[in-house]
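The structure file work-v8.cif is reproduced below (mmCIF, C-alpha atoms and all ligand atoms).
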```
data_upload
loop_
_atom_site.label_atom_id
_atom_site.label_comp_id
_atom_site.auth_asym_id
_atom_site.auth_seq_id
_atom_site.Cartn_x
_atom_site.Cartn_y
_atom_site.Cartn_z
CA MET A 103 39.43 14.11 26.03
CA THR A 104 36.27 11.99 25.98
CA LYS A 105 36.01 8.26 25.41
CA TYR A 106 34.58 9.03 21.95
CA ASP A 107 37.86 10.71 20.98
CA GLN A 108 39.67 7.43 21.48
CA LEU A 109 37.21 5.52 19.31
CA ALA A 110 36.08 5.43 15.72
CA TYR A 111 32.45 5.71 16.83
CA LEU A 112 30.39 4.19 14.03
CA ASP A 113 27.29 3.29 16.06
CA ASN A 114 25.30 6.49 15.60
CA ALA A 115 22.12 4.59 14.76
CA ALA A 116 22.15 3.27 18.33
CA THR A 117 22.60 6.73 19.77
CA THR A 118 24.50 9.87 18.79
CA PRO A 119 27.00 11.79 20.94
CA MET A 120 25.75 15.06 22.46
CA PRO A 121 27.36 18.38 21.62
CA ASP A 122 28.37 20.85 24.36
CA SER A 123 25.45 23.12 23.51
CA VAL A 124 22.97 20.37 24.46
CA LEU A 125 24.91 19.39 27.59
CA GLN A 126 25.00 23.03 28.70
CA VAL A 127 21.24 23.45 28.42
CA ILE A 128 20.64 20.30 30.47
CA ASP A 129 23.30 21.26 32.99
CA ASN A 130 21.88 24.76 33.29
CA TYR A 131 18.41 23.38 34.01
CA TYR A 132 19.67 21.09 36.78
CA GLN A 133 22.16 23.59 38.22
CA THR A 134 20.11 26.75 38.17
CA GLN A 135 16.41 26.26 37.47
CA LYS A 136 15.23 22.79 38.43
CA VAL A 137 11.56 23.48 39.05
CA ASN A 138 8.49 21.67 37.79
CA VAL A 139 6.42 22.79 34.80
CA HIS A 140 2.70 23.59 34.42
CA ARG A 141 2.20 23.82 38.19
CA GLY A 142 3.98 26.70 39.92
CA MET A 143 2.65 30.24 40.27
CA TYR A 144 6.09 31.73 40.88
CA ARG A 145 8.11 33.38 38.14
CA LEU A 146 10.81 30.75 37.80
CA ALA A 147 8.21 28.01 37.34
CA ASN A 148 6.49 30.09 34.67
CA GLU A 149 9.80 30.76 32.95
CA VAL A 150 10.70 27.07 32.74
CA THR A 151 7.16 26.20 31.62
CA GLN A 152 7.56 28.73 28.83
CA GLN A 153 10.90 27.22 27.82
CA TYR A 154 9.32 23.76 27.84
CA GLU A 155 6.38 24.89 25.72
CA HIS A 156 8.72 26.80 23.44
CA VAL A 157 10.43 23.51 22.58
CA ARG A 158 7.03 22.09 21.63
CA GLN A 159 6.68 24.94 19.11
CA GLN A 160 10.23 24.37 17.96
CA VAL A 161 9.50 20.67 17.35
CA ALA A 162 6.31 21.56 15.47
CA GLN A 163 8.30 23.86 13.17
CA PHE A 164 11.08 21.29 12.83
CA ILE A 165 8.71 18.62 11.50
CA HIS A 166 6.28 21.07 9.85
CA ALA A 167 3.36 20.16 12.09
CA PRO A 168 0.50 22.65 11.73
CA ASN A 169 0.12 23.19 15.50
CA ALA A 170 2.34 22.94 18.57
CA SER A 171 -0.48 20.98 20.23
CA ASP A 172 0.05 18.21 17.67
CA VAL A 173 3.37 17.45 19.40
CA VAL A 174 3.30 15.06 22.36
CA PHE A 175 6.45 14.55 24.41
CA THR A 176 7.14 10.89 25.08
CA SER A 177 10.10 9.01 26.48
CA GLY A 178 11.21 7.99 22.98
CA ALA A 179 10.12 6.51 19.68
CA THR A 180 9.16 3.23 21.34
CA ASP A 181 6.91 5.07 23.76
CA ALA A 182 5.35 7.09 20.92
CA LEU A 183 4.64 3.97 18.87
CA ASN A 184 3.12 2.27 21.93
CA LEU A 185 0.98 5.33 22.56
CA VAL A 186 -0.55 5.09 19.09
CA ALA A 187 -0.91 1.31 19.27
CA PHE A 188 -2.67 1.39 22.64
CA GLY A 189 -4.25 4.88 22.58
CA TYR A 190 -5.54 4.68 19.01
CA GLY A 191 -5.26 1.04 17.95
CA THR A 192 -7.21 -0.51 20.82
CA THR A 193 -10.18 1.82 20.28
CA HIS A 194 -10.18 1.94 16.48
CA LEU A 195 -9.41 -1.66 15.55
CA HIS A 196 -12.04 -4.37 15.56
CA ALA A 197 -12.13 -8.03 14.58
CA ASP A 198 -11.23 -8.44 10.89
CA ASP A 199 -9.58 -5.03 10.69
CA GLU A 200 -6.01 -5.08 9.44
CA ILE A 201 -2.72 -3.40 10.32
CA ILE A 202 0.08 -3.32 7.75
CA ILE A 203 3.75 -3.09 8.67
CA SER A 204 6.84 -4.16 6.72
CA VAL A 205 9.31 -6.98 7.28
CA MET A 206 12.08 -4.46 7.97
CA GLU A 207 10.42 -2.82 10.99
CA HIS A 208 12.26 -2.38 14.27
CA HIS A 209 10.63 -4.43 17.05
CA ALA A 210 9.28 -1.11 18.42
CA ASN A 211 7.07 -0.91 15.32
CA LEU A 212 6.13 -4.58 15.39
CA VAL A 213 5.63 -5.92 18.90
CA PRO A 214 3.08 -3.26 20.01
CA TRP A 215 1.00 -4.06 16.90
CA GLN A 216 1.20 -7.79 17.64
CA GLN A 217 -0.16 -7.09 21.10
CA VAL A 218 -2.92 -4.81 19.86
CA ALA A 219 -3.88 -7.26 17.11
CA ALA A 220 -4.23 -10.02 19.72
CA MET A 221 -6.31 -7.75 21.99
CA THR A 222 -8.69 -6.57 19.26
CA GLY A 223 -8.90 -9.62 17.01
CA SER A 224 -7.45 -7.61 14.14
CA LYS A 225 -4.81 -9.02 11.80
CA LEU A 226 -1.23 -8.00 11.33
CA ARG A 227 -0.16 -8.05 7.67
CA VAL A 228 3.52 -7.84 6.81
CA VAL A 229 4.68 -6.47 3.49
CA ASP A 230 7.97 -7.79 2.07
CA ILE A 231 10.84 -5.77 0.72
CA THR A 232 12.62 -6.05 -2.62
CA PRO A 233 16.21 -7.44 -2.74
CA ASP A 234 17.58 -3.89 -2.60
CA GLY A 235 15.66 -3.20 0.59
CA GLN A 236 12.76 -1.11 -0.71
CA ILE A 237 9.14 -1.68 0.30
CA ASP A 238 7.56 -3.94 -2.33
CA MET A 239 4.97 -1.47 -3.57
CA VAL A 240 3.11 -4.02 -5.67
CA ALA A 241 2.74 -6.28 -2.63
CA LEU A 242 1.68 -3.31 -0.52
CA GLN A 243 -1.02 -2.32 -3.00
CA LYS A 244 -2.31 -5.92 -2.90
CA LEU A 245 -2.43 -5.91 0.90
CA LEU A 246 -4.31 -2.63 1.16
CA ASN A 247 -8.07 -3.12 1.30
CA LYS A 248 -11.16 -1.78 3.03
CA HIS A 249 -10.23 -3.66 6.23
CA THR A 250 -6.87 -1.85 6.49
CA LYS A 251 -7.07 0.65 9.33
CA ILE A 252 -3.42 1.37 10.13
CA VAL A 253 -0.26 1.32 8.01
CA SER A 254 2.89 1.74 10.11
CA LEU A 255 6.27 1.93 8.40
CA THR A 256 9.79 3.07 9.03
CA LEU A 257 11.06 6.10 7.13
CA VAL A 258 14.65 4.84 7.25
CA SER A 259 15.53 1.24 8.10
CA ASN A 260 17.82 0.89 11.10
CA VAL A 261 19.48 -2.12 9.41
CA LEU A 262 19.55 -1.41 5.67
CA GLY A 263 19.52 2.38 5.73
CA THR A 264 16.73 2.29 3.16
CA TYR A 265 14.61 5.42 2.80
CA THR A 266 10.92 5.01 1.95
CA ASP A 267 9.06 7.79 0.16
CA MET A 268 5.88 7.98 2.22
CA ARG A 269 3.82 10.17 -0.13
CA PRO A 270 2.51 7.45 -2.45
CA ILE A 271 1.98 5.17 0.54
CA ALA A 272 0.03 7.85 2.41
CA GLU A 273 -2.16 8.38 -0.64
CA ALA A 274 -2.84 4.68 -1.07
CA ALA A 275 -3.52 4.22 2.67
CA HIS A 276 -5.86 7.19 2.80
CA LYS A 277 -7.72 5.94 -0.26
CA VAL A 278 -8.82 2.84 1.69
CA GLY A 279 -9.52 4.89 4.83
CA ALA A 280 -6.40 3.87 6.78
CA VAL A 281 -4.06 6.13 8.75
CA LEU A 282 -0.30 6.20 8.20
CA MET A 283 2.09 6.03 11.15
CA VAL A 284 5.71 6.83 10.31
CA ASP A 285 8.62 5.65 12.44
CA ALA A 286 11.18 8.41 11.88
CA ALA A 287 13.58 7.27 14.64
CA GLN A 288 16.38 6.57 12.20
CA ALA A 289 15.61 9.39 9.77
CA VAL A 290 15.54 12.48 11.90
CA ALA A 291 19.31 12.92 12.20
CA GLN A 292 19.74 12.70 8.45
CA MET A 293 16.90 14.46 6.71
CA ALA A 294 14.35 17.20 7.13
CA ILE A 295 10.96 15.89 8.17
CA ASP A 296 7.73 17.38 6.82
CA VAL A 297 4.76 15.50 8.24
CA GLN A 298 2.31 17.37 6.02
CA ALA A 299 4.23 16.88 2.78
CA MET A 300 4.69 13.17 3.46
CA GLY A 301 1.06 12.74 4.47
CA ALA A 302 1.87 11.21 7.86
CA ASP A 303 -1.01 10.95 10.30
CA PHE A 304 1.31 9.98 13.13
CA LEU A 305 5.10 10.20 13.34
CA ALA A 306 7.51 9.11 16.06
CA PHE A 307 11.16 9.83 16.85
CA SER A 308 13.67 9.85 19.72
CA GLY A 309 15.89 12.69 20.92
CA HIS A 310 18.93 10.53 21.59
CA LYS A 311 19.38 9.57 17.94
CA MET A 312 19.56 13.25 16.91
CA PHE A 313 22.25 14.59 19.25
CA GLY A 314 19.84 15.01 22.15
CA PRO A 315 19.52 13.20 25.48
CA THR A 316 18.01 9.79 26.17
CA GLY A 317 14.54 9.48 27.68
CA ILE A 318 12.85 12.02 25.43
CA GLY A 319 10.95 11.51 22.21
CA VAL A 320 8.09 12.88 20.19
CA LEU A 321 4.77 11.69 18.89
CA TYR A 322 3.26 13.88 16.20
CA GLY A 323 -0.42 13.24 15.60
CA ARG A 324 -2.96 14.88 13.32
CA THR A 325 -5.09 17.21 15.46
CA ASP A 326 -8.34 15.29 14.94
CA LEU A 327 -6.68 11.93 15.58
CA LEU A 328 -5.07 13.05 18.84
CA ALA A 329 -8.43 14.42 19.95
CA ASP A 330 -9.96 11.02 19.19
CA MET A 331 -7.27 9.08 21.06
CA THR A 332 -7.46 7.88 24.64
CA PRO A 333 -4.59 8.41 27.08
CA THR A 334 -2.72 5.29 28.11
CA ARG A 335 -1.24 6.69 31.33
CA PHE A 336 -3.24 8.54 33.93
CA GLY A 337 -2.40 10.82 36.86
CA GLY A 338 -1.41 14.38 37.60
CA GLU A 339 -1.46 17.21 35.06
CA MET A 340 -3.30 15.27 32.36
CA ILE A 341 -6.68 15.79 34.01
CA ASP A 342 -9.29 18.49 33.70
CA GLN A 343 -11.54 17.69 36.68
CA VAL A 344 -11.45 14.83 39.14
CA THR A 345 -14.08 13.52 41.54
CA GLN A 346 -13.80 10.49 43.77
CA GLN A 347 -15.09 8.22 41.03
CA THR A 348 -14.51 9.99 37.72
CA ALA A 349 -12.08 12.18 35.84
CA THR A 350 -12.10 14.28 32.69
CA PHE A 351 -8.94 15.01 30.76
CA GLN A 352 -7.06 17.94 29.28
CA PRO A 353 -7.06 18.29 25.52
CA ALA A 354 -4.02 16.98 23.60
CA PRO A 355 -1.12 17.11 24.04
CA LEU A 356 -1.32 17.37 27.85
CA LYS A 357 -3.75 14.46 28.21
CA PHE A 358 -0.89 12.22 27.05
CA GLU A 359 1.73 13.68 29.41
CA ALA A 360 0.75 12.36 32.83
CA GLY A 361 3.05 13.13 35.74
CA THR A 362 6.21 15.20 35.84
CA PRO A 363 7.68 15.15 32.35
CA ASN A 364 11.33 14.84 31.37
CA ILE A 365 11.90 18.60 31.56
CA ALA A 366 15.67 18.47 31.08
CA GLY A 367 15.10 16.08 28.19
CA VAL A 368 12.68 18.44 26.49
CA LEU A 369 15.05 21.40 26.90
CA GLY A 370 17.92 19.24 25.62
CA LEU A 371 15.82 18.22 22.63
CA GLY A 372 15.31 21.90 21.80
CA ALA A 373 19.07 22.46 21.90
CA ALA A 374 19.61 19.39 19.70
CA ILE A 375 17.21 20.81 17.11
CA ASP A 376 19.15 24.09 17.20
CA TYR A 377 22.38 22.15 16.70
CA ILE A 378 21.05 20.27 13.66
CA LEU A 379 19.52 23.36 12.07
CA GLN A 380 22.67 25.38 12.63
CA ILE A 381 24.67 22.86 10.62
CA GLY A 382 21.81 22.34 8.19
CA TYR A 383 20.45 19.19 6.58
CA PRO A 384 22.06 19.85 3.17
CA LYS A 385 25.52 19.80 4.76
CA ILE A 386 24.63 16.87 7.02
CA SER A 387 23.42 14.72 4.15
CA GLN A 388 26.38 15.69 1.96
CA ILE A 389 28.85 14.52 4.62
CA ASP A 390 26.81 11.40 5.47
CA HIS A 391 26.75 10.54 1.80
CA GLU A 392 30.50 11.06 1.33
CA LEU A 393 31.17 8.78 4.28
CA VAL A 394 28.77 6.06 3.09
CA ASP A 395 30.11 6.27 -0.47
CA TYR A 396 33.66 5.82 0.80
CA LEU A 397 32.58 2.98 3.08
CA MET A 398 30.66 1.14 0.34
CA LYS A 399 33.64 1.44 -2.06
CA GLY A 400 35.99 0.11 0.62
CA LEU A 401 33.69 -2.75 1.64
CA SER A 402 33.04 -3.82 -1.94
CA GLN A 403 36.79 -4.28 -2.45
CA ILE A 404 36.95 -6.88 0.31
CA PRO A 405 35.82 -10.15 -1.35
CA ALA A 406 34.55 -11.84 1.82
CA VAL A 407 32.14 -9.01 2.63
CA THR A 408 28.41 -9.34 1.88
CA ILE A 409 26.53 -6.04 2.00
CA TYR A 410 22.79 -6.25 2.72
CA GLY A 411 20.29 -4.22 0.74
CA SER A 412 21.13 -2.08 -2.25
CA PRO A 413 24.68 -2.08 -3.72
CA LEU A 414 24.26 1.66 -4.33
CA ALA A 415 25.68 3.98 -1.68
CA THR A 416 22.90 6.49 -2.38
CA ASP A 417 20.33 3.99 -1.08
CA HIS A 418 21.96 3.79 2.36
CA ARG A 419 21.02 6.69 4.63
CA ALA A 420 24.01 6.66 6.98
CA VAL A 421 23.54 2.94 7.73
CA VAL A 422 25.27 -0.04 6.10
CA SER A 423 24.99 -3.65 7.31
CA PHE A 424 27.22 -6.50 6.24
CA ASN A 425 28.83 -9.79 7.18
CA VAL A 426 32.38 -11.01 6.66
CA GLY A 427 32.31 -14.51 5.17
CA LYS A 428 30.90 -16.93 7.72
CA VAL A 429 32.37 -15.11 10.71
CA HIS A 430 29.71 -14.37 13.32
CA ALA A 431 28.85 -10.67 13.44
CA HIS A 432 29.67 -10.59 17.18
CA ASP A 433 33.21 -11.84 16.47
CA VAL A 434 33.64 -9.16 13.79
CA ALA A 435 32.48 -6.47 16.22
CA THR A 436 34.79 -7.78 18.96
CA ILE A 437 37.82 -7.70 16.67
CA LEU A 438 36.83 -4.23 15.46
CA ASP A 439 36.54 -3.10 19.07
CA ALA A 440 40.13 -4.22 19.67
CA ALA A 441 41.02 -2.07 16.63
CA GLY A 442 39.32 0.92 18.28
CA VAL A 443 36.17 0.83 16.15
CA ALA A 444 32.68 0.81 17.69
CA VAL A 445 30.00 -0.83 15.54
CA ARG A 446 26.91 -2.78 16.46
CA ALA A 447 26.39 -6.46 15.72
CA GLY A 448 23.35 -8.65 16.18
CA HIS A 449 19.77 -8.69 14.99
CA HIS A 450 19.33 -4.95 15.63
CA CYS A 451 15.84 -5.43 17.09
CA ALA A 452 14.69 -6.60 13.67
CA GLU A 453 14.52 -10.39 13.91
CA PRO A 454 11.96 -10.87 11.10
CA LEU A 455 14.30 -8.91 8.80
CA MET A 456 17.20 -11.20 9.75
CA THR A 457 15.07 -14.22 8.79
CA PHE A 458 14.15 -12.49 5.52
CA LEU A 459 17.84 -11.81 4.80
CA GLY A 460 18.72 -15.42 5.66
CA THR A 461 21.08 -14.59 8.50
CA GLU A 462 21.02 -14.50 12.29
CA SER A 463 22.94 -11.31 12.65
CA VAL A 464 24.76 -8.57 10.78
CA VAL A 465 27.44 -6.01 11.51
CA ARG A 466 26.05 -2.48 11.29
CA VAL A 467 28.07 0.65 10.60
CA SER A 468 26.16 3.87 11.14
CA VAL A 469 27.77 7.24 10.53
CA SER A 470 26.97 10.79 11.47
CA PHE A 471 28.26 14.00 9.93
CA GLU A 472 30.69 14.19 12.84
CA ASN A 473 32.64 11.14 11.57
CA LYS A 474 35.81 11.37 9.51
CA LEU A 475 36.97 9.37 6.48
CA SER A 476 39.95 8.25 8.59
CA GLU A 477 37.50 6.44 10.88
CA ILE A 478 36.14 4.51 7.89
CA ASP A 479 39.76 3.63 7.01
CA GLN A 480 40.23 2.36 10.56
CA LEU A 481 37.14 0.18 10.12
CA LEU A 482 38.31 -1.19 6.77
CA THR A 483 41.72 -2.03 8.25
CA GLY A 484 39.93 -3.78 11.13
CA ILE A 485 37.93 -5.89 8.67
CA GLN A 486 41.17 -6.95 6.96
CA GLN A 487 42.32 -8.11 10.40
CA VAL A 488 39.10 -10.13 10.79
CA LYS A 489 39.87 -11.85 7.51
CA GLU A 490 43.46 -12.59 8.49
CA LEU A 491 42.65 -13.74 12.02
CA LEU A 492 39.73 -15.92 11.02
CA HIS A 493 41.02 -16.97 7.58
CA GLU A 494 38.00 -15.73 5.67
N1 LIG B 1 12.52 2.54 15.29
C1 LIG B 1 13.73 2.46 14.72
C2 LIG B 1 13.82 2.39 13.24
C3 LIG B 1 14.86 2.45 15.52
O1 LIG B 1 16.06 2.38 14.96
C4 LIG B 1 14.73 2.56 16.92
C5 LIG B 1 15.93 2.55 17.84
N2 LIG B 1 16.88 1.59 17.56
C6 LIG B 1 13.43 2.65 17.46
C7 LIG B 1 12.36 2.65 16.61
C8 LIG B 1 13.21 2.75 18.93
O2 LIG B 1 13.81 3.90 19.43
P1 LIG B 1 14.00 4.09 21.01
O3 LIG B 1 14.75 2.88 21.47
O4 LIG B 1 14.81 5.34 21.11
O5 LIG B 1 12.65 4.20 21.60
#
```
Just dump the structure as structure tokens.
Amino acid sequence: MTKYDQLAYLDNAATTPMPDSVLQVIDNYYQTQKVNVHRGMYRLANEVTQQYEHVRQQVAQFIHAPNASDVVFTSGATDALNLVAFGYGTTHLHADDEIIISVMEHHANLVPWQQVAAMTGSKLRVVDITPDGQIDMVALQKLLNKHTKIVSLTLVSNVLGTYTDMRPIAEAAHKVGAVLMVDAAQAVAQMAIDVQAMGADFLAFSGHKMFGPTGIGVLYGRTDLLADMTPTRFGGEMIDQVTQQTATFQPAPLKFEAGTPNIAGVLGLGAAIDYILQIGYPKISQIDHELVDYLMKGLSQIPAVTIYGSPLATDHRAVVSFNVGKVHAHDVATILDAAGVAVRAGHHCAEPLMTFLGTESVVRVSVSFENKLSEIDQLLTGIQQVKELLHE
């Protein structure tokens, strides 16, 4: 029995549990074939390098990238977003250029842009959302202009669960000559990703939010953009030739993967993709939706509960945030913990969104297809206890 089995684990947006198939692949690497990649001449090293590069192809297929070389392994979504901010932003942004993000971005898709804006003299523009948590498209259209060079938005909000259709945004961004970066960290466990269909120029996600291990993530970049990007970390394996004073670099993706990569993480990511595809996104989204529907119905019957974003369950992709009367979200989460329910409470690395919503913190429930309706019942019972204990 694992610790998860004793919990109603409703914090999947923070990280998802790992299935045995993923654990086995990682275990097998460490137990039986822990060698480095891209270096050895012996057969085992070649074998593991092939497995590693096979996962790159698998990721490319998974997100419908045209080439495996468009897939860069990073340590996570944060790392991937930083790579674009510092590898692309610093060389392509100049004074008076503009970057557009939204008010519901995770700090990982905000703070790097703040830094790059300060370094380059460019301006960070922030588009608001509508009361139901959608990007305000009218406001976005007004912000887009010939100075806009980068638009960087989340595909699914880690607080509101809102999904943003990127196609019209990609079209509008491209029309003014900007590139679109998509933060898919919170989307990838719930929906199929097609970078070409959505018109993404860059896309980032993490393995640990899609049943894979921590410390591994992906940056997808359009071939020409990756070629035009400078590495941000330098060292072994990313170079072509080195003299005492100079160095030339490998083409993408290797120029972005300096040093020994997270080999076990990459292999684990491959197994996580297999796991998701074996179950299939249609089934995953059907179960996610049933759970969220049930949760929204239950929450809306508790008068003290305020749900943030849309009142429609269909608008919440596996994530619902709320507060219970005036009770601090941390107190709600602590009482729920005593009731055996794991949720997250706080600002969820989205402080500007908290300000926009007029609160300091919210309680966030995030489901995966592995959850059961009985776990939602356990949560709803726990919220009744919050009300009784704190007289809300
Ligand atoms: N973007 C979003 C929308 C997220 O939810 C997260 C993780 N909470 C990140 C980016 C950053 O992901 P990581 O911490 O795995 O790098």
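The space between CA of Ala110 in chain A and CA of Phe307 in chain A spans 25.3 Å.
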Selection within 9 Å of ligand LIG 1 (chain B) by all atoms listed in the file, output as an mmCIF file with C-alpha atoms, keeping the file's coordinate frame:
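File result03.cif, as written:
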```cif
data_model
loop_
_atom_site.group_PDB
_atom_site.id
_atom_site.type_symbol
_atom_site.label_atom_id
_atom_site.label_comp_id
_atom_site.auth_asym_id
_atom_site.auth_seq_id
_atom_site.Cartn_x
_atom_site.Cartn_y
_atom_site.Cartn_z
ATOM 1 C CA ALA A 115 22.120 4.590 14.760
ATOM 2 C CA ALA A 116 22.150 3.270 18.330
ATOM 3 C CA THR A 117 22.600 6.730 19.770
ATOM 4 C CA SER A 177 10.100 9.010 26.480
ATOM 5 C CA GLY A 178 11.210 7.990 22.980
ATOM 6 C CA ALA A 179 10.120 6.510 19.680
ATOM 7 C CA THR A 180 9.160 3.230 21.340
ATOM 8 C CA ASP A 181 6.910 5.070 23.760
ATOM 9 C CA ALA A 182 5.350 7.090 20.920
ATOM 10 C CA LEU A 183 4.640 3.970 18.870
ATOM 11 C CA MET A 206 12.080 -4.460 7.970
ATOM 12 C CA GLU A 207 10.420 -2.820 10.990
ATOM 13 C CA HIS A 208 12.260 -2.380 14.270
ATOM 14 C CA HIS A 209 10.630 -4.430 17.050
ATOM 15 C CA ALA A 210 9.280 -1.110 18.420
ATOM 16 C CA ASN A 211 7.070 -0.910 15.320
ATOM 17 C CA LEU A 255 6.270 1.930 8.400
ATOM 18 C CA THR A 256 9.790 3.070 9.030
ATOM 19 C CA LEU A 257 11.060 6.100 7.130
ATOM 20 C CA VAL A 258 14.650 4.840 7.250
ATOM 21 C CA SER A 259 15.530 1.240 8.100
ATOM 22 C CA ASN A 260 17.820 0.890 11.100
ATOM 23 C CA VAL A 261 19.480 -2.120 9.410
ATOM 24 C CA ASP A 285 8.620 5.650 12.440
ATOM 25 C CA ALA A 286 11.180 8.410 11.880
ATOM 26 C CA ALA A 287 13.580 7.270 14.640
ATOM 27 C CA GLN A 288 16.380 6.570 12.200
ATOM 28 C CA ALA A 289 15.610 9.390 9.770
ATOM 29 C CA ALA A 306 7.510 9.110 16.060
ATOM 30 C CA PHE A 307 11.160 9.830 16.850
ATOM 31 C CA SER A 308 13.670 9.850 19.720
ATOM 32 C CA GLY A 309 15.890 12.690 20.920
ATOM 33 C CA HIS A 310 18.930 10.530 21.590
ATOM 34 C CA LYS A 311 19.380 9.570 17.940
ATOM 35 C CA THR A 316 18.010 9.790 26.170
ATOM 36 C CA GLY A 317 14.540 9.480 27.680
ATOM 37 C CA ILE A 318 12.850 12.020 25.430
ATOM 38 C CA GLY A 319 10.950 11.510 22.210
ATOM 39 C CA HIS A 450 19.330 -4.950 15.630
ATOM 40 C CA CYS A 451 15.840 -5.430 17.090
#
```
Range 213-272 of chain A residues near range 397-418 of chain A within 8 Å, closest pair each, using only C-alpha atoms, as JSON lines:
```
{"residue": "A:Pro233", "atom": "CA", "partner": "A:Gly411", "partner_atom": "CA", "distance": 6.3}
{"residue": "A:Asp234", "atom": "CA", "partner": "A:Ser412", "partner_atom": "CA", "distance": 4.0}
{"residue": "A:Gly235", "atom": "CA", "partner": "A:Gly411", "partner_atom": "CA", "distance": 4.7}
{"residue": "A:Leu262", "atom": "CA", "partner": "A:Gly411", "partner_atom": "CA", "distance": 5.7}
{"residue": "A:Gly263", "atom": "CA", "partner": "A:His418", "partner_atom": "CA", "distance": 4.4}
{"residue": "A:Thr264", "atom": "CA", "partner": "A:His418", "partner_atom": "CA", "distance": 5.5}
{"residue": "A:Tyr265", "atom": "CA", "partner": "A:Asp417", "partner_atom": "CA", "distance": 7.1}
```
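Here CA of Val150 in chain A is placed at a distance of 7.7 Å from CA of Asn138 in chain A.
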Find the nearest atom pair between each residue of range 407-468 of chain A and range 372-390 of chain A for residues within 10 Å, count all atoms listed in the file, give distances in Å to one decimal, sort rows by chain and ascending number, and present the table as JSON lines.
```
{"residue": "A:His418", "atom": "CA", "partner": "A:Asp390", "partner_atom": "CA", "distance": 9.5}
{"residue": "A:Arg419", "atom": "CA", "partner": "A:Asp390", "partner_atom": "CA", "distance": 7.5}
{"residue": "A:Ala420", "atom": "CA", "partner": "A:Asp390", "partner_atom": "CA", "distance": 5.7}
{"residue": "A:Val421", "atom": "CA", "partner": "A:Asp390", "partner_atom": "CA", "distance": 9.3}
{"residue": "A:Ser468", "atom": "CA", "partner": "A:Asp390", "partner_atom": "CA", "distance": 9.4}
```
Query raised in the report: In Å, how far is it from CA of Met340 in chain A to CA of Gly361 in chain A?
Result: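 Taking CA of Met340 in chain A and CA of Gly361 in chain A, their separation equals 7.5 Å.
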Requested in this report: Measuring atom to atom with all atoms listed in the file, identify which of A:Thr350, A:Thr457, A:Thr250, A:Ser224 is nearest to Ala275 in chain A.
Outcome: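 Counting all atoms listed in the file, the residue closest to Ala275 in chain A is A:Thr250.
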Report task. Return the single residue from A:Val284, A:Ile201, A:Ala187, A:Gly370 that is closest to Asp122 in chain A, with distances computed using all atoms listed in the file. Result ->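 The answer is A:Gly370, which sits nearest to Asp122 in chain A.
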At a cut-off of 9 Å, can you tabulate as a Markdown table every residue of range 288-388 of chain A near range 168-173 of chain A together with its closest atom pair and the distance in Å to one decimal, using all atoms listed in the file and ordering rows by chain then number?
```
| residue | atom | partner | partner_atom | distance |
| --- | --- | --- | --- | --- |
| A:Gln298 | CA | A:Pro168 | CA | 8.0 |
| A:Val320 | CA | A:Val173 | CA | 6.6 |
| A:Leu321 | CA | A:Val173 | CA | 5.9 |
| A:Tyr322 | CA | A:Val173 | CA | 4.8 |
| A:Gly323 | CA | A:Asp172 | CA | 5.4 |
| A:Arg324 | CA | A:Asp172 | CA | 6.3 |
| A:Thr325 | CA | A:Asp172 | CA | 5.7 |
| A:Leu328 | CA | A:Asp172 | CA | 7.4 |
| A:Pro353 | CA | A:Ser171 | CA | 8.9 |
| A:Ala354 | CA | A:Ser171 | CA | 6.3 |
| A:Pro355 | CA | A:Ser171 | CA | 5.5 |
| A:Leu356 | CA | A:Ser171 | CA | 8.5 |
```
Query raised in the report: Pick from A:Met312, A:Leu455, A:Ala147, A:Leu246: nearest to Ile271 in chain A, with all atoms listed in the file counted?
Result: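 Result for the nearest residue to Ile271 in chain A: A:Leu246.
Across A:Thr362, A:Ala291, A:Met268, A:Thr222, the tightest approach to Val137 in chain A is made by A:Thr362 when counting only C-alpha atoms.
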